[in-house]
Each structure stands twice: as structure tokens, then as C-alpha cells.
Amino acid sequence: MNTTYAKYEVLRLVRNKRAFIFSLIFPLALFLVIAGSNKDQFIDAGNVHLPFPTFYMVSMASYGAMIAAISGGARVALERSVGWTRQLRLTPLKVRTYFSTKVLTAYAMALVSIALLYIAGISYGVRISPFGRWLGMTGLLLVGVLPFVALGIAIGHLLTIDAMGPAVGGGSAFFGFLGGQWFPLPDHGALHYIGEATPSYWLTQASHVGIGAPSWNAQGWLIVGAWIVATTLLAGWSYRRDPNRV
């Protein structure tokens, strides 16, 4: 990887205040307000009786990681609007390096979002044991977020910067609803089966590993894998057809 380009991308990421506010502060604020007002409440998640802040923290960890991953597309759209992507195409920078750097910066945002929510949860008394549950949850979240990283890159090459706000907000709300991140999906019925076909559903299941739920079964790995392949192909296609290409 081109370390100079990667360093520059990280600096641009840190200086993009709007992306930081939407990607990091919004899920954190939701958790602080809603979990804070329900600190003494309990919720039944399957066969487990949990403090509400614990359940809500793991749910917001998956939602925050998803938003952070998709929001990487906004940076791509901004670069296209100012001609930076076009300039990069004129340099010897390899396409593989371009994409790998975009993926790493999106992952960095997702990791920061997850970490902030973990810290906020602990400050509200969230306790998850054994410690391996934290690791298992985080590891699966990082796998489950990959389709949204690729999706963000794809729409960043397809949409204008003005269209990215509604796309990111609407897309994350849509996937959050189908994934059961806002509220648990029914155990049966059309909504349940539609939700199971989305990567956000399995991202939610990944977060529930932290509260004792089992890891993904074969169906989960197959669905997430299929979405990773599909969104990666979409990202590559969108880059090649970008009207601002040289």
C-alpha cells in the first residue's frame, strides 16, 4: 500500500467534521439519550433478562458501525465533486491501492464508532462477561460491516455529494429497520424472512454475541459472503463507469 496516500486519507478523514458528527456522534447521542433515560429498565432478549443499556449498547454498536461504513461514500463523492478522484487517475496510484485505502479508512471509522459506544456503555454500567464475548462480538461486527464499506464506495461513485446525505441517511435507516437494529423483528412471517436476507440482520446478530447469542450459522456466513461479493463487484463497476473518470 502507498503509505503517503494512506496517511493523507487519514488526515482528510480526521478533518472532515461533518462526517465525524454524522457517523460517530449520531449513534452515540442516540445511545446516551435513550439508554440514559432507561438505565433502570430491563428487557427480555430471547431467554435472557438484560439491563436495557446493555441490550441497546450492542444494538447501537452494529448500527453505528454500519453508518460509519456507508458514510465512506460521502468522502468519495466529495473527492469526485472537486476533481480529486480525476487527478488520482492521472497518477501511478494503483486501483488496488485506492480501494484498499478506502476500505481501511472506512474500517477505522467503524472501529472508532464501536469503541465510543463501548466506552459509553461501560460508563452506564454495562458489564459483559466473559471478556471473550467482547472479542467475539467485535470480530463478527468487523466482518459484517464489510458489505456496507463496499456499498458506500459504490454509491460514492454513482451519486453526487448533494445526494449522498439522503442516500446515507435513508439507506442506513432502511437497513437498520430490516436488520432489527431499531426493534426486534418478529420470529416468523414475511418481514422476518426479508430481514434474514439482508447483511444488517446478521450485523445485528453479530452484536448479540455480546449478550450470549450464538455466532452466525452457515446461513449467516453464506448471506454475508454473498453480499460482500455483490457489493465489491458493484463498487468496482461504479468506479469504472464513473462519468468523472479520465
# chains A, B, ... in the order shown; residues from 1 in each chain; ligands from 1
$ closest_atom_pairs --of "segment 11-119 of chain A" --to "segment 180-199 of chain A" --cutoff "12 Å" --atoms "only C-alpha atoms" --output "tab-separated table"
residue	atom	partner	partner_atom	distance
A:Pro27	CA	A:Gln181	CA	11.5
A:Leu30	CA	A:Trp182	CA	11.1
A:Phe31	CA	A:Trp182	CA	11.6
A:Ile34	CA	A:Trp182	CA	11.8
A:Ile43	CA	A:Pro184	CA	11.4
A:Asp44	CA	A:Pro184	CA	10.8
A:Ala45	CA	A:Pro184	CA	8.8
A:Gly46	CA	A:Pro184	CA	10.1
A:Phe55	CA	A:Gln181	CA	10.6
A:Tyr56	CA	A:Gln181	CA	9.0
A:Met57	CA	A:Gln181	CA	10.7
A:Val58	CA	A:Gln181	CA	9.4
A:Ser59	CA	A:Gln181	CA	5.6
A:Met60	CA	A:Gln181	CA	7.3
A:Ala61	CA	A:Gln181	CA	9.6
A:Ser62	CA	A:Gln181	CA	7.6
A:Tyr63	CA	A:Gln181	CA	6.5
A:Gly64	CA	A:Gln181	CA	10.1
A:Ala65	CA	A:Gln181	CA	11.7
A:Met66	CA	A:Pro199	CA	9.9
A:Ile67	CA	A:Gln181	CA	12.0
$ write_last_selection --atoms "N, CA and C atoms" --output "CSV table (one decimal), in the first residue's frame"
chain,number,residue,atom,x,y,z
A,27,PRO,N,-25.0,8.0,16.4
A,27,PRO,CA,-25.4,6.8,17.1
A,27,PRO,C,-25.0,6.9,18.6
A,30,LEU,N,-27.8,8.9,20.3
A,30,LEU,CA,-29.0,8.1,20.5
A,30,LEU,C,-28.8,7.2,21.7
A,31,PHE,N,-27.7,6.6,21.8
A,31,PHE,CA,-27.5,5.7,23.0
A,31,PHE,C,-27.5,6.4,24.3
A,34,ILE,N,-31.3,7.7,24.9
A,34,ILE,CA,-32.3,6.6,25.2
A,34,ILE,C,-31.9,5.7,26.3
A,43,ILE,N,-34.9,-5.7,29.8
A,43,ILE,CA,-35.6,-6.1,28.6
A,43,ILE,C,-35.3,-7.6,28.5
A,44,ASP,N,-36.3,-8.3,27.9
A,44,ASP,CA,-36.1,-9.8,27.7
A,44,ASP,C,-35.6,-9.9,26.2
A,45,ALA,N,-34.4,-10.4,26.0
A,45,ALA,CA,-33.8,-10.7,24.7
A,45,ALA,C,-33.7,-12.2,24.6
A,46,GLY,N,-34.6,-12.8,24.0
A,46,GLY,CA,-34.6,-14.3,23.9
A,46,GLY,C,-35.0,-14.8,25.3
A,55,PHE,N,-28.5,-4.1,26.3
A,55,PHE,CA,-29.1,-4.5,25.0
A,55,PHE,C,-29.0,-3.4,24.0
A,56,TYR,N,-29.2,-2.2,24.4
A,56,TYR,CA,-29.2,-1.1,23.5
A,56,TYR,C,-27.8,-0.7,23.0
A,57,MET,N,-26.8,-0.9,23.9
A,57,MET,CA,-25.4,-0.7,23.5
A,57,MET,C,-25.0,-1.6,22.4
A,58,VAL,N,-25.3,-2.9,22.5
A,58,VAL,CA,-24.8,-3.8,21.4
A,58,VAL,C,-25.6,-3.5,20.1
A,59,SER,N,-26.8,-3.1,20.2
A,59,SER,CA,-27.6,-2.8,19.0
A,59,SER,C,-27.0,-1.5,18.3
A,60,MET,N,-26.7,-0.5,19.1
A,60,MET,CA,-26.2,0.7,18.6
A,60,MET,C,-24.8,0.5,18.1
A,61,ALA,N,-24.0,-0.4,18.6
A,61,ALA,CA,-22.7,-0.7,18.1
A,61,ALA,C,-22.8,-1.2,16.6
A,62,SER,N,-23.8,-2.1,16.4
A,62,SER,CA,-23.9,-2.5,15.0
A,62,SER,C,-24.4,-1.4,14.1
A,63,TYR,N,-25.4,-0.6,14.6
A,63,TYR,CA,-25.9,0.5,13.8
A,63,TYR,C,-24.8,1.6,13.5
A,64,GLY,N,-24.1,1.9,14.5
A,64,GLY,CA,-23.0,2.9,14.4
A,64,GLY,C,-22.0,2.5,13.4
A,65,ALA,N,-21.6,1.2,13.5
A,65,ALA,CA,-20.6,0.7,12.6
A,65,ALA,C,-21.1,0.7,11.1
A,66,MET,N,-22.4,0.4,11.0
A,66,MET,CA,-23.0,0.4,9.6
A,66,MET,C,-23.0,1.8,9.0
A,67,ILE,N,-23.4,2.8,9.8
A,67,ILE,CA,-23.4,4.2,9.4
A,67,ILE,C,-22.0,4.7,9.0
$ residues_around --residues "Phe99 of chain A" --least-positions-apart "5" --cutoff "10 Å" --atoms "only C-alpha atoms" --output "list in words"
Lys94, Leu104, Ala150, Ile153, Ala235, Gly236 and Tyr239 of chain A
$ select_by_dssp --residues "segment 12-152 of chain A" --states "alpha helix (DSSP H)" --output "JSON, numbers by chain"
{"A": [12, 13, 14, 15, 17, 18, 19, 20, 26, 27, 28, 29, 30, 31, 32, 33, 34, 35, 36, 52, 53, 54, 55, 56, 57, 58, 59, 60, 61, 62, 63, 64, 65, 66, 67, 68, 69, 70, 72, 73, 74, 75, 76, 77, 78, 79, 80, 81, 84, 85, 86, 87, 88, 89, 95, 96, 97, 98, 99, 100, 101, 102, 103, 104, 105, 106, 107, 108, 109, 110, 111, 112, 113, 114, 115, 116, 117, 118, 119, 120, 121, 122, 123, 132, 133, 134, 135, 136, 137, 138, 139, 140, 141, 142, 143, 144, 146, 147, 148, 149, 150, 151, 152]}
$ residues_around --residues "Ser172 of chain A" --least-positions-apart "4" --cutoff "10 Å" --atoms "only C-alpha atoms" --output "short mmCIF file (atom, residue, chain, number, x, y, z; two decimals) with C-alpha atoms, in the first residue's frame"
data_model
loop_
_atom_site.label_atom_id
_atom_site.label_comp_id
_atom_site.auth_asym_id
_atom_site.auth_seq_id
_atom_site.Cartn_x
_atom_site.Cartn_y
_atom_site.Cartn_z
CA TYR A 63 -25.91 0.49 13.79
CA GLY A 64 -23.04 2.91 14.38
CA MET A 66 -22.95 0.40 9.61
CA ILE A 67 -23.42 4.18 9.36
CA ALA A 68 -19.67 4.77 9.64
CA ALA A 69 -19.01 2.26 6.87
CA ILE A 70 -21.60 3.64 4.44
CA SER A 71 -20.51 7.21 5.16
CA PHE A 148 -21.55 -1.66 3.81
CA PRO A 166 -30.30 11.41 1.85
CA ALA A 167 -28.77 8.21 0.47
CA VAL A 168 -26.68 7.51 3.57
CA GLY A 176 -31.45 -0.71 10.27
CA PHE A 177 -35.19 -1.39 10.14
CA LEU A 178 -34.85 -4.64 8.19
CA SER A 200 -27.79 -5.71 8.51
#
$ closest_residue --among "A:Phe26, A:Leu222, A:Thr54, A:Gly212" --to "Phe42 of chain A" --atoms "only C-alpha atoms"
A:Thr54
$ closest_residue --among "A:Leu135, A:Val143, A:Leu233, A:Ala35" --to "Val209 of chain A" --atoms "only C-alpha atoms"
A:Leu135
$ closest_residue --among "A:Leu159, A:Leu93, A:Ile25, A:Ala206" --to "Gly139 of chain A" --atoms "only C-alpha atoms"
A:Ala206
$ residues_around --residues "Trp221 of chain A" --least-positions-apart "5" --cutoff "10 Å" --atoms "only C-alpha atoms" --output "mmCIF file with N, CA and C atoms, in the first residue's frame"
data_model
loop_
_atom_site.group_PDB
_atom_site.id
_atom_site.type_symbol
_atom_site.label_atom_id
_atom_site.label_comp_id
_atom_site.auth_asym_id
_atom_site.auth_seq_id
_atom_site.Cartn_x
_atom_site.Cartn_y
_atom_site.Cartn_z
ATOM 1 N N VAL A 143 -16.523 -8.194 10.362
ATOM 2 C CA VAL A 143 -16.816 -8.968 9.154
ATOM 3 C C VAL A 143 -18.146 -8.506 8.551
ATOM 4 N N GLY A 144 -19.148 -8.353 9.413
ATOM 5 C CA GLY A 144 -20.480 -7.999 8.934
ATOM 6 C C GLY A 144 -20.592 -6.612 8.339
ATOM 7 N N PRO A 199 -27.693 -7.982 4.981
ATOM 8 C CA PRO A 199 -26.482 -8.058 5.815
ATOM 9 C C PRO A 199 -26.661 -7.381 7.162
ATOM 10 N N TRP A 202 -27.643 -9.785 9.968
ATOM 11 C CA TRP A 202 -26.539 -10.573 10.524
ATOM 12 C C TRP A 202 -25.551 -9.700 11.266
ATOM 13 N N SER A 215 -23.011 -17.505 17.635
ATOM 14 C CA SER A 215 -22.408 -16.893 16.466
ATOM 15 C C SER A 215 -23.226 -17.238 15.225
ATOM 16 N N TRP A 216 -22.820 -16.710 14.078
ATOM 17 C CA TRP A 216 -23.546 -16.984 12.843
ATOM 18 C C TRP A 216 -23.544 -18.471 12.522
ATOM 19 N N ALA A 226 -22.226 -13.576 0.293
ATOM 20 C CA ALA A 226 -22.832 -13.202 -0.987
ATOM 21 C C ALA A 226 -22.940 -11.689 -1.126
ATOM 22 N N TRP A 227 -23.295 -11.007 -0.040
ATOM 23 C CA TRP A 227 -23.375 -9.544 -0.074
ATOM 24 C C TRP A 227 -21.994 -8.919 -0.256
#
$ atom_distance --atom1 "atom CA of Gly125 of chain A" --atom2 "atom CA of Thr138 of chain A"
18.9 Å
$ select_by_dssp --residues "segment 36-89 of chain A" --states "strand (DSSP E or B)" --output "ChimeraX atom specification"
/A:42-45,48-51
$ write_last_selection --atoms "N, CA and C atoms" --output "tab-separated table (two decimals), in the first residue's frame"
chain	number	residue	atom	x	y	z
A	42	PHE	N	-35.25	-3.11	32.36
A	42	PHE	CA	-34.74	-4.39	31.88
A	42	PHE	C	-35.53	-4.81	30.66
A	43	ILE	N	-34.91	-5.67	29.84
A	43	ILE	CA	-35.56	-6.13	28.62
A	43	ILE	C	-35.28	-7.62	28.46
A	44	ASP	N	-36.25	-8.34	27.92
A	44	ASP	CA	-36.08	-9.76	27.65
A	44	ASP	C	-35.60	-9.93	26.22
A	45	ALA	N	-34.39	-10.43	26.04
A	45	ALA	CA	-33.82	-10.70	24.72
A	45	ALA	C	-33.66	-12.21	24.59
A	48	VAL	N	-32.92	-14.32	27.84
A	48	VAL	CA	-32.03	-13.58	28.74
A	48	VAL	C	-32.73	-12.31	29.22
A	49	HIS	N	-32.66	-12.05	30.50
A	49	HIS	CA	-33.21	-10.84	31.11
A	49	HIS	C	-32.05	-9.87	31.31
A	50	LEU	N	-32.04	-8.77	30.53
A	50	LEU	CA	-30.89	-7.87	30.49
A	50	LEU	C	-31.25	-6.46	30.91
A	51	PRO	N	-30.28	-5.73	31.47
A	51	PRO	CA	-30.48	-4.28	31.64
A	51	PRO	C	-30.61	-3.64	30.26
$ closest_residue --among "A:Trp134, A:Tyr98, A:Tyr118, A:Tyr124" --to "Ile211 of chain A" --atoms "only C-alpha atoms"
A:Trp134
$ atom_distance --atom1 "atom CA of Ala74 of chain A" --atom2 "atom CA of Ile161 of chain A"
6.5 Å
$ atom_distance --atom1 "atom CA of Ser113 of chain A" --atom2 "atom CA of Lys7 of chain A"
20.1 Å
